[in-house]
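Here is coords.txt, consisting of compact mmCIF, C-alpha atoms:
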# COMPACT_ATOMS: atom_id res chain seq x y z
CA MET W 1427 -27.31 -102.21 -20.38
CA TYR W 1428 -25.25 -103.28 -17.40
CA LYS W 1429 -26.86 -103.90 -14.04
CA SER W 1430 -25.19 -103.85 -10.65
CA ASN W 1431 -23.04 -106.93 -10.52
CA ASP W 1432 -20.62 -108.73 -8.31
CA MET W 1433 -19.49 -111.54 -10.61
CA ARG W 1434 -15.88 -112.61 -10.11
CA LEU W 1435 -13.53 -114.37 -12.50
CA CYS W 1436 -13.15 -117.34 -10.16
CA GLN W 1437 -16.84 -118.15 -10.61
CA PHE W 1438 -16.15 -119.23 -14.20
CA LYS W 1439 -13.61 -121.90 -13.38
CA PHE W 1440 -14.46 -125.53 -14.11
CA LYS W 1441 -12.42 -128.69 -14.51
CA LEU W 1442 -11.84 -129.33 -18.20
CA PRO W 1443 -9.93 -132.53 -19.01
CA GLU W 1444 -7.22 -131.75 -21.54
CA GLU W 1445 -8.36 -134.58 -23.80
CA LEU W 1446 -11.66 -132.73 -24.40
CA ILE W 1447 -9.88 -129.78 -26.03
CA ALA W 1448 -10.29 -130.55 -29.74
CA GLN W 1449 -7.00 -130.85 -31.58
CA TYR W 1450 -8.58 -131.51 -34.98
CA PRO W 1451 -11.89 -130.52 -36.58
CA ALA W 1452 -14.70 -133.02 -37.04
CA ALA W 1453 -14.37 -135.10 -40.19
CA TYR W 1454 -16.96 -132.88 -41.90
CA ARG W 1455 -18.00 -129.35 -40.96
CA ASP W 1456 -21.58 -130.22 -40.01
CA GLU W 1457 -20.66 -133.43 -38.20
CA ALA W 1458 -20.04 -131.83 -34.81
CA ARG W 1459 -22.36 -132.57 -31.91
CA LEU W 1460 -24.91 -129.95 -30.88
CA MET W 1461 -26.12 -129.20 -27.37
CA VAL W 1462 -29.33 -127.17 -27.24
CA LEU W 1463 -29.86 -125.13 -24.07
CA HIS W 1464 -33.28 -123.62 -23.36
CA ARG W 1465 -32.44 -120.64 -21.23
CA LYS W 1466 -35.90 -120.10 -19.71
CA SER W 1467 -36.29 -123.66 -18.43
CA GLY W 1468 -32.66 -124.76 -18.27
CA GLU W 1469 -33.57 -127.86 -20.29
CA ILE W 1470 -30.73 -129.46 -22.27
CA GLU W 1471 -31.10 -131.50 -25.45
CA HIS W 1472 -28.42 -133.47 -27.26
CA LYS W 1473 -28.66 -133.21 -31.04
CA SER W 1474 -26.59 -133.49 -34.19
CA LEU W 1475 -25.71 -130.32 -36.07
CA PRO W 1476 -28.09 -130.86 -39.03
CA GLU W 1477 -30.96 -130.86 -36.49
CA LEU W 1478 -30.22 -127.18 -35.88
CA VAL W 1479 -32.85 -126.21 -38.47
CA GLU W 1480 -35.63 -127.76 -36.38
CA PHE W 1481 -35.41 -124.89 -33.90
CA PHE W 1482 -36.07 -122.16 -36.47
CA ASP W 1483 -38.92 -121.18 -38.77
CA GLU W 1484 -39.44 -119.27 -41.98
CA GLY W 1485 -38.34 -115.66 -41.61
CA ASP W 1486 -35.92 -116.32 -38.75
CA LEU W 1487 -32.48 -114.81 -39.31
CA PHE W 1488 -28.90 -116.00 -38.79
CA VAL W 1489 -26.15 -113.37 -38.58
CA PHE W 1490 -22.74 -114.64 -39.74
CA ASN W 1491 -19.24 -113.19 -39.74
CA ASP W 1492 -17.65 -112.99 -43.20
CA THR W 1493 -14.15 -112.09 -41.99
CA LYS W 1494 -11.30 -114.06 -43.56
CA VAL W 1495 -8.37 -115.38 -41.54
CA PHE W 1496 -4.96 -114.74 -43.02
CA PRO W 1497 -2.01 -117.13 -42.45
CA ALA W 1498 -0.55 -115.12 -39.61
CA ARG W 1499 1.96 -117.55 -38.03
CA LEU W 1500 5.47 -117.55 -39.53
CA TRP W 1501 8.82 -118.96 -38.49
CA GLY W 1502 11.99 -117.02 -39.14
CA HIS W 1503 15.67 -117.27 -38.28
CA LYS W 1504 17.60 -114.51 -36.58
CA GLU W 1505 20.58 -113.36 -38.59
CA LYS W 1506 24.01 -114.35 -37.24
CA THR W 1507 22.73 -116.68 -34.48
CA ASN W 1508 20.17 -118.53 -36.68
CA ALA W 1509 17.84 -118.75 -33.63
CA LEU W 1510 14.32 -119.91 -34.55
CA ILE W 1511 11.76 -117.17 -33.91
CA GLU W 1512 7.97 -117.43 -34.10
CA VAL W 1513 6.37 -114.40 -35.73
CA PHE W 1514 2.66 -113.72 -35.45
CA LEU W 1515 1.38 -111.07 -37.86
CA LEU W 1516 -1.26 -108.84 -36.27
CA ARG W 1517 -1.99 -106.08 -38.78
CA GLU W 1518 -0.47 -104.12 -41.62
CA LEU W 1519 0.41 -100.60 -40.50
CA ASN W 1520 1.66 -99.07 -43.75
CA HIS W 1521 1.26 -100.85 -47.07
CA ARG W 1522 3.74 -98.72 -49.02
CA MET W 1523 6.47 -98.91 -46.34
CA ARG W 1524 5.65 -102.56 -45.51
CA TYR W 1525 5.35 -101.89 -41.78
CA TRP W 1526 3.58 -104.59 -39.75
CA ASP W 1527 2.52 -104.94 -36.15
CA VAL W 1528 3.63 -108.40 -34.92
CA LEU W 1529 4.20 -110.57 -31.89
CA VAL W 1530 7.44 -112.53 -31.48
CA GLU W 1531 8.47 -115.50 -29.37
CA PRO W 1532 10.89 -115.74 -27.63
CA ALA W 1533 10.68 -111.97 -27.32
CA ARG W 1534 13.86 -111.61 -25.24
CA LYS W 1535 15.92 -112.53 -28.31
CA ILE W 1536 14.46 -109.89 -30.61
CA ARG W 1537 15.57 -106.27 -30.29
CA ILE W 1538 15.46 -103.15 -32.42
CA GLY W 1539 17.82 -103.53 -35.37
CA ASN W 1540 17.67 -107.34 -35.47
CA LYS W 1541 16.78 -109.00 -38.77
CA LEU W 1542 14.99 -112.25 -39.56
CA THR W 1543 15.18 -114.38 -42.68
CA PHE W 1544 12.72 -117.00 -43.91
CA GLU W 1545 13.85 -120.29 -45.41
CA ASP W 1546 10.92 -120.60 -47.82
CA ASP W 1547 11.60 -117.20 -49.37
CA PRO W 1548 15.09 -115.71 -48.92
CA ALA W 1549 13.92 -112.62 -50.84
CA ILE W 1550 12.01 -111.44 -47.75
CA VAL W 1551 13.85 -110.06 -44.71
CA ALA W 1552 12.19 -108.61 -41.60
CA GLU W 1553 13.85 -105.81 -39.65
CA VAL W 1554 12.75 -104.82 -36.14
CA ILE W 1555 12.23 -101.06 -35.99
CA ASP W 1556 10.27 -100.65 -32.74
CA ASN W 1557 9.20 -102.36 -29.53
CA THR W 1558 5.49 -101.94 -28.83
CA THR W 1559 4.78 -104.28 -25.88
CA SER W 1560 6.68 -107.00 -24.05
CA ARG W 1561 6.09 -109.35 -27.00
CA GLY W 1562 5.05 -106.79 -29.59
CA ARG W 1563 7.31 -105.43 -32.30
CA THR W 1564 7.02 -103.31 -35.43
CA PHE W 1565 8.63 -104.95 -38.45
CA ARG W 1566 9.72 -103.38 -41.70
CA PHE W 1567 9.90 -105.99 -44.43
CA LEU W 1568 12.75 -105.58 -46.89
CA THR W 1569 12.25 -107.13 -50.33
CA ASP W 1570 12.46 -106.50 -54.04
CA TYR W 1571 8.84 -107.62 -54.53
CA ASP W 1572 6.54 -104.81 -55.57
CA ASN W 1573 3.77 -103.76 -53.20
CA GLU W 1574 1.05 -105.79 -54.92
CA GLU W 1575 3.15 -108.97 -54.97
CA PHE W 1576 4.60 -108.68 -51.49
CA VAL W 1577 1.58 -109.48 -49.29
CA PRO W 1578 0.67 -112.70 -51.16
CA ARG W 1579 4.32 -113.74 -50.90
CA LEU W 1580 4.30 -112.97 -47.17
CA TYR W 1581 1.10 -114.96 -46.65
CA ALA W 1582 2.66 -117.89 -48.52
CA LEU W 1583 5.22 -118.12 -45.71
CA GLY W 1584 2.52 -118.41 -43.06
CA SER W 1585 0.22 -121.07 -41.69
CA ALA W 1586 -3.21 -121.02 -40.06
CA PRO W 1587 -3.03 -119.10 -36.75
CA LEU W 1588 -4.38 -121.87 -34.53
CA PRO W 1589 -4.81 -121.03 -30.84
CA LYS W 1590 -2.03 -122.10 -28.49
CA TYR W 1591 -4.22 -124.73 -26.82
CA ILE W 1592 -4.08 -126.81 -29.99
CA ARG W 1593 -0.92 -128.78 -29.18
CA ARG W 1594 -0.76 -131.82 -31.40
CA PRO W 1595 1.60 -134.64 -30.48
CA MET W 1596 4.12 -135.39 -33.21
CA ASP W 1597 2.84 -138.95 -33.45
CA PRO W 1598 1.86 -140.11 -36.95
CA GLU W 1599 -0.70 -142.52 -35.47
CA VAL W 1600 -2.69 -139.56 -34.13
CA TYR W 1601 -3.07 -138.16 -37.62
CA GLU W 1602 -3.58 -141.53 -39.31
CA LYS W 1603 -7.29 -141.73 -38.48
CA TYR W 1604 -7.86 -138.40 -40.26
CA GLN W 1605 -6.05 -139.34 -43.45
CA GLU W 1606 -9.00 -141.00 -45.16
CA VAL W 1607 -11.25 -138.01 -44.55
CA PHE W 1608 -8.69 -135.35 -45.45
CA ARG W 1609 -7.42 -137.35 -48.43
CA ASP W 1610 -3.85 -137.52 -47.16
CA GLN W 1611 -3.61 -133.73 -46.93
CA PRO W 1612 -0.69 -132.51 -44.86
CA VAL W 1613 -1.89 -131.08 -41.56
CA ARG W 1614 -0.96 -127.56 -42.65
CA GLU W 1615 -3.16 -127.77 -45.76
CA MET W 1616 -6.03 -129.24 -43.76
CA ASP W 1617 -5.86 -126.34 -41.29
CA THR W 1618 -5.70 -123.80 -44.11
CA GLU W 1619 -9.04 -125.13 -45.36
CA ARG W 1620 -10.81 -125.92 -42.11
CA TYR W 1621 -9.70 -122.97 -39.95
CA GLN W 1622 -11.75 -120.77 -42.25
CA THR W 1623 -15.50 -120.47 -42.80
CA ILE W 1624 -16.89 -121.33 -46.23
CA PHE W 1625 -18.25 -117.77 -46.52
CA ALA W 1626 -14.98 -116.02 -45.54
CA ASP W 1627 -14.58 -112.96 -47.74
CA LYS W 1628 -12.93 -109.93 -46.15
CA VAL W 1629 -9.31 -110.48 -45.06
CA GLY W 1630 -8.38 -109.19 -41.62
CA ALA W 1631 -8.80 -111.78 -38.84
CA VAL W 1632 -5.96 -113.42 -36.92
CA ALA W 1633 -8.28 -115.99 -35.36
CA ALA W 1634 -11.21 -117.81 -36.89
CA PRO W 1635 -14.83 -116.94 -36.06
CA ALA W 1636 -15.00 -120.49 -34.75
CA SER W 1637 -18.77 -120.84 -34.43
CA GLY W 1638 -19.08 -120.28 -38.17
CA LEU W 1639 -16.73 -123.17 -38.95
CA HIS W 1640 -19.61 -125.63 -38.45
CA PHE W 1641 -21.65 -124.41 -41.40
CA SER W 1642 -21.35 -126.44 -44.61
CA LYS W 1643 -22.95 -125.79 -47.98
CA GLN W 1644 -25.37 -128.61 -47.22
CA LEU W 1645 -26.43 -127.13 -43.86
CA LEU W 1646 -26.88 -123.67 -45.35
CA LYS W 1647 -29.03 -125.20 -48.08
CA ARG W 1648 -31.21 -126.96 -45.50
CA MET W 1649 -31.68 -123.62 -43.77
CA GLU W 1650 -32.59 -121.94 -47.04
CA ILE W 1651 -35.17 -124.62 -47.90
CA ARG W 1652 -36.79 -124.11 -44.50
CA GLY W 1653 -37.04 -120.37 -45.19
CA ILE W 1654 -34.39 -119.35 -42.67
CA GLU W 1655 -32.66 -116.19 -43.80
CA SER W 1656 -29.00 -115.21 -43.49
CA THR W 1657 -27.06 -111.98 -43.40
CA PHE W 1658 -23.39 -111.12 -42.95
CA MET W 1659 -21.34 -108.57 -41.08
CA THR W 1660 -17.58 -108.29 -40.65
CA SER W 1661 -15.73 -108.54 -37.36
CA HIS W 1662 -11.99 -108.97 -37.73
CA VAL W 1663 -11.29 -111.30 -34.81
CA SER W 1664 -8.16 -110.35 -32.87
CA LEU W 1665 -5.92 -112.31 -30.51
CA GLY W 1666 -7.73 -110.57 -27.67
CA ILE W 1667 -10.25 -113.40 -27.57
CA PHE W 1668 -7.48 -115.73 -26.39
CA LYS W 1669 -5.96 -113.29 -23.92
CA ASP W 1670 -6.19 -114.40 -20.30
CA ILE W 1671 -8.31 -112.21 -18.07
CA ASP W 1672 -5.93 -111.06 -15.35
CA VAL W 1673 -8.33 -109.25 -13.02
CA GLU W 1674 -10.69 -110.88 -10.56
CA ASP W 1675 -13.16 -107.99 -10.69
CA LEU W 1676 -14.77 -108.32 -14.13
CA THR W 1677 -15.78 -104.65 -14.18
CA LYS W 1678 -12.09 -103.82 -14.54
CA ASN W 1679 -11.33 -106.11 -17.49
CA LYS W 1680 -10.26 -104.39 -20.72
CA MET W 1681 -10.81 -106.09 -24.09
CA GLU W 1682 -8.62 -105.48 -27.13
CA SER W 1683 -10.40 -103.53 -29.85
CA GLU W 1684 -11.69 -105.28 -32.96
CA GLN W 1685 -12.74 -103.69 -36.21
CA ILE W 1686 -16.41 -104.25 -37.04
CA ILE W 1687 -18.41 -103.37 -40.15
CA LEU W 1688 -22.21 -103.50 -40.15
CA SER W 1689 -23.54 -102.63 -43.60
CA GLU W 1690 -26.88 -101.01 -44.36
CA ALA W 1691 -28.08 -104.29 -45.91
CA MET W 1692 -27.16 -106.30 -42.80
CA VAL W 1693 -28.70 -103.74 -40.45
CA ASN W 1694 -31.91 -103.62 -42.48
CA ALA W 1695 -32.22 -107.42 -42.41
CA VAL W 1696 -31.75 -107.55 -38.63
CA ASN W 1697 -34.11 -104.66 -37.94
CA LYS W 1698 -36.80 -106.20 -40.16
CA ALA W 1699 -36.55 -109.52 -38.33
CA HIS W 1700 -36.61 -107.70 -34.99
CA GLU W 1701 -39.71 -105.69 -35.85
CA GLU W 1702 -41.50 -108.79 -37.16
CA GLN W 1703 -40.56 -110.68 -33.96
CA HIS W 1704 -38.62 -113.43 -35.69
CA ARG W 1705 -35.74 -115.23 -34.08
CA ILE W 1706 -32.39 -113.55 -34.61
CA CYS W 1707 -29.45 -115.90 -34.06
CA ALA W 1708 -25.99 -114.45 -33.51
CA VAL W 1709 -23.38 -116.92 -34.77
CA GLY W 1710 -20.38 -116.39 -32.52
CA THR W 1711 -19.47 -114.09 -29.67
CA GLU W 1712 -17.92 -111.49 -31.98
CA ILE W 1713 -21.26 -111.10 -33.79
CA MET W 1714 -23.13 -110.68 -30.52
CA ARG W 1715 -20.64 -108.11 -29.24
CA ALA W 1716 -20.79 -106.11 -32.47
CA MET W 1717 -24.58 -105.97 -32.50
CA GLU W 1718 -24.69 -104.96 -28.85
CA HIS W 1719 -22.13 -102.24 -29.54
CA VAL W 1720 -24.45 -100.47 -31.99
CA ALA W 1721 -27.93 -101.49 -30.76
CA GLY W 1722 -30.29 -98.82 -29.53
CA ALA W 1723 -32.56 -99.17 -26.52
CA ASN W 1724 -35.29 -100.42 -28.87
CA GLY W 1725 -33.07 -103.25 -30.14
CA LEU W 1726 -32.65 -101.74 -33.59
CA LEU W 1727 -29.21 -101.49 -35.18
CA LYS W 1728 -27.53 -98.77 -37.19
CA ALA W 1729 -24.84 -99.09 -39.85
CA TYR W 1730 -21.33 -98.79 -38.45
CA ASP W 1731 -17.71 -99.04 -39.56
CA GLY W 1732 -15.34 -98.71 -36.64
CA TRP W 1733 -14.00 -100.48 -33.58
CA THR W 1734 -15.34 -102.06 -30.42
CA ASN W 1735 -13.74 -103.23 -27.19
CA LYS W 1736 -17.05 -104.07 -25.53
CA PHE W 1737 -16.78 -106.70 -22.78
CA ILE W 1738 -20.04 -108.41 -21.88
CA PHE W 1739 -20.45 -110.26 -18.58
CA PRO W 1740 -23.40 -111.18 -16.37
CA PRO W 1741 -25.78 -109.74 -15.54
CA TYR W 1742 -26.50 -108.08 -18.88
CA THR W 1743 -29.67 -107.34 -20.85
CA PHE W 1744 -29.30 -108.13 -24.55
CA ALA W 1745 -31.05 -105.80 -26.98
CA THR W 1746 -31.30 -107.58 -30.31
CA ALA W 1747 -30.42 -111.29 -30.72
CA ASN W 1748 -32.70 -113.79 -28.99
CA SER W 1749 -30.75 -116.95 -29.82
CA PHE W 1750 -27.06 -117.68 -29.79
CA PHE W 1751 -24.96 -120.27 -31.65
CA VAL W 1752 -21.53 -120.79 -30.10
CA ASN W 1753 -18.75 -123.25 -29.41
CA PHE W 1754 -17.76 -124.62 -26.02
CA TYR W 1755 -15.15 -122.27 -24.60
CA LEU W 1756 -12.28 -122.71 -22.18
CA PRO W 1757 -12.61 -121.81 -18.50
CA CYS W 1758 -12.51 -118.10 -17.58
CA SER W 1759 -12.37 -116.98 -21.21
CA SER W 1760 -14.12 -113.81 -22.34
CA GLN W 1761 -16.28 -115.93 -24.69
CA GLN W 1762 -17.46 -118.24 -21.91
CA ILE W 1763 -18.29 -115.25 -19.74
CA MET W 1764 -20.32 -113.59 -22.51
CA VAL W 1765 -22.26 -116.79 -23.16
CA ALA W 1766 -23.06 -116.99 -19.44
CA ALA W 1767 -24.52 -113.50 -19.66
CA PHE W 1768 -26.90 -114.65 -22.41
CA ALA W 1769 -27.75 -118.13 -21.12
CA GLY W 1770 -27.81 -117.26 -17.45
CA TYR W 1771 -24.87 -118.07 -15.21
CA GLU W 1772 -26.38 -121.12 -13.51
CA ASN W 1773 -27.69 -122.50 -16.80
CA LEU W 1774 -24.35 -122.13 -18.53
CA MET W 1775 -22.23 -123.63 -15.77
CA HIS W 1776 -24.58 -126.59 -15.49
CA ALA W 1777 -24.50 -127.05 -19.27
CA TYR W 1778 -20.70 -127.08 -19.20
CA GLU W 1779 -20.76 -129.66 -16.41
CA VAL W 1780 -22.99 -131.83 -18.58
CA ALA W 1781 -20.76 -131.21 -21.59
CA VAL W 1782 -17.73 -132.52 -19.72
CA GLN W 1783 -19.67 -135.57 -18.53
CA GLU W 1784 -20.90 -136.27 -22.07
CA GLU W 1785 -17.44 -135.63 -23.52
CA TYR W 1786 -18.32 -132.76 -25.81
CA ARG W 1787 -15.27 -131.25 -27.49
CA PHE W 1788 -14.15 -127.76 -26.47
CA GLY W 1789 -12.32 -124.99 -28.33
CA ASP W 1790 -12.23 -123.65 -31.88
CA TYR W 1791 -12.34 -127.13 -33.43
CA GLY W 1792 -14.88 -128.38 -30.89
CA ASP W 1793 -18.61 -129.03 -30.77
CA ALA W 1794 -21.45 -126.50 -30.79
CA MET W 1795 -24.12 -125.11 -28.51
CA LEU W 1796 -27.40 -123.45 -29.48
CA ILE W 1797 -29.06 -121.29 -26.83
CA VAL W 1798 -32.76 -120.50 -27.35
CA ASP W 1799 -35.57 -119.28 -25.10

Show me the file's structure as structure tokens.
Amino acid sequence: MYKSNDMRLCQFKFKLPEELIAQYPAAYRDEARLMVLHRKSGEIEHKSLPELVEFFDEGDLFVFNDTKVFPARLWGHKEKTNALIEVFLLRELNHRMRYWDVLVEPARKIRIGNKLTFEDDPAIVAEVIDNTTSRGRTFRFLTDYDNEEFVPRLYALGSAPLPKYIRRPMDPEVYEKYQEVFRDQPVREMDTERYQTIFADKVGAVAAPASGLHFSKQLLKRMEIRGIESTFMTSHVSLGIFKDIDVEDLTKNKMESEQIILSEAMVNAVNKAHEEQHRICAVGTEIMRAMEHVAGANGLLKAYDGWTNKFIFPPYTFATANSFFVNFYLPCSSQQIMVAAFAGYENLMHAYEVAVQEEYRFGDYGDAMLIVD
């Protein structure tokens, strides 16, 4: 539950050198660095990701997000002028009518009635039928493809929806050092593979559950051998996680809603671990938010299929998870603020200061932090 609070957005600012914002993933999923923060003492340890298992015992539980990112970023050309337009697919509104909620850039060039074509598949045309926000539009896709064939064809036009802070220089030397590891994959193919967890299953996210990107088959096997248990829920990550907070008073911030699905099996696994006083580790801020959305005062969860726009900021008392596995987030982001609520504000800001000094990598492709008692 929330307590009286006077936290302001400006308190979450810190100087983050641009070169520490990861532009590429680590060579291998479980090769990222790991900072371990003990929230009771404030102690910080520097580890490698495979050492994660040392902080958990048999019966402890990890909760993962099994959402699957779809290739949401497309590039189209406006009819008549041929202007290049970025299209970001948000969600399908009507499968039969092929209506989609999208964002466009530059928005000033796209009005109701305009049409876009796509070089890679001339059989698909997008028509603007409504304005929803300053950058938002409703598209109707015109095509001869049948309904079952259309969505795969649409996805084939897209690429991984990387956050805007991944701005790679068009210098082949930058990519050269990754070629051996990625076996000369084009960057687009590498992102398609790596901006997705290995347990992604249910399509619906327009941003990756980035904390889950660190887990390889080998790391999951090490956890299994140690007796650490896993369960999965679904939280379809929205672009809201990248949206700038535009109010100084955090009590007035509004989060975009995300669909969350907590199954009976997942809830039973978490409740069992809670009642037996095992560690419960939320992997990612979207997992923590979803569990807090449905948790009762006793810390037990209930099955749920719906939406949440819960915004967590300090001070806050968490009901269920007692450890937290996250990435390093950008200044004044909703994720950073939530992590501060769990770790303790002073602990988190000091840890980020250390992370900058030690050149940890920030962002979706960055390094990891484990917060334990």

Could you list, with a cut-off of 9 Å and counting only C-alpha atoms, the residues of segment 1688-1746 of chain W near segment 1626-1644 of chain W, each shown with its nearest atom pair and the distance in Å rounded to one decimal, rows sorted by chain and ascending number, as a tab-separated table?
residue	atom	partner	partner_atom	distance
W:Val1709	CA	W:Ser1637	CA	6.1
W:Gly1710	CA	W:Ser1637	CA	5.1
W:Thr1711	CA	W:Ser1637	CA	8.3
W:Glu1712	CA	W:Pro1635	CA	7.5
W:Ile1713	CA	W:Pro1635	CA	9.0

Open item on the list: Between atom CA of Ala1691 of chain W and atom CA of Val1479 of chain W, what is the distance in Å, rounded to a tenth?
Closed with: 23.6 Å

- [ ] Fewer than 5 positions away in the same chain doesn't count, so skip those; otherwise give me all residues within 8 Å of segment 1753-1768 of chain W, counting only C-alpha atoms, as an MDAnalysis selection string.
- [x] chainID W and resid 1435:1436 1438:1442 1636:1637 1667:1671 1710:1711 1737:1744 1773:1775 1778 1787:1790 1792:1795

Residue selection dump (C-alpha atoms) as a short mmCIF file (atom, residue, chain, number, x, y, z; two decimals), in the coordinates of the input:
data_model
loop_
_atom_site.label_atom_id
_atom_site.label_comp_id
_atom_site.auth_asym_id
_atom_site.auth_seq_id
_atom_site.Cartn_x
_atom_site.Cartn_y
_atom_site.Cartn_z
CA LEU W 1435 -13.53 -114.37 -12.50
CA CYS W 1436 -13.15 -117.34 -10.16
CA PHE W 1438 -16.15 -119.23 -14.20
CA LYS W 1439 -13.61 -121.90 -13.38
CA PHE W 1440 -14.46 -125.53 -14.11
CA LYS W 1441 -12.42 -128.69 -14.51
CA LEU W 1442 -11.84 -129.33 -18.20
CA ALA W 1636 -15.00 -120.49 -34.75
CA SER W 1637 -18.77 -120.84 -34.43
CA ILE W 1667 -10.25 -113.40 -27.57
CA PHE W 1668 -7.48 -115.73 -26.39
CA LYS W 1669 -5.96 -113.29 -23.92
CA ASP W 1670 -6.19 -114.40 -20.30
CA ILE W 1671 -8.31 -112.21 -18.07
CA GLY W 1710 -20.38 -116.39 -32.52
CA THR W 1711 -19.47 -114.09 -29.67
CA PHE W 1737 -16.78 -106.70 -22.78
CA ILE W 1738 -20.04 -108.41 -21.88
CA PHE W 1739 -20.45 -110.26 -18.58
CA PRO W 1740 -23.40 -111.18 -16.37
CA PRO W 1741 -25.78 -109.74 -15.54
CA TYR W 1742 -26.50 -108.08 -18.88
CA THR W 1743 -29.67 -107.34 -20.85
CA PHE W 1744 -29.30 -108.13 -24.55
CA ASN W 1773 -27.69 -122.50 -16.80
CA LEU W 1774 -24.35 -122.13 -18.53
CA MET W 1775 -22.23 -123.63 -15.77
CA TYR W 1778 -20.70 -127.08 -19.20
CA ARG W 1787 -15.27 -131.25 -27.49
CA PHE W 1788 -14.15 -127.76 -26.47
CA GLY W 1789 -12.32 -124.99 -28.33
CA ASP W 1790 -12.23 -123.65 -31.88
CA GLY W 1792 -14.88 -128.38 -30.89
CA ASP W 1793 -18.61 -129.03 -30.77
CA ALA W 1794 -21.45 -126.50 -30.79
CA MET W 1795 -24.12 -125.11 -28.51
#

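Of the residues listed (W:Arg1594, W:Lys1728, W:Arg1537, W:His1662), W:Arg1594 shows the shortest atom-to-atom separation from Glu1445 of chain W; distances use only C-alpha atoms.
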
Open item on the list: Show me the residues close to (-8.8, -124.8, -43.5) - anything with an atom within 10 Å, counting all atoms listed in the file - and format the list as a ChimeraX atom specification.
Closed with: /W:1451,1495,1585-1586,1613-1624,1634,1639

TODO: Kindly give the distance, in Å, that separates atom CA of His1464 of chain W and atom CA of Glu1444 of chain W, rounded to a single decimal.
DONE: 27.4 Å

Task: Pairwise distance for atom CA of Thr1559 of chain W and atom CA of Leu1665 of chain W, rounded to one decimal in Å - done: 14.2 Å

Task: Contacts of Arg1563 of chain W within 8 Å, all atoms listed in the file, excl. fewer than 2 positions in-chain, as number ranges by chain - done: W: 1527-1530, 1554-1559, 1561, 1565
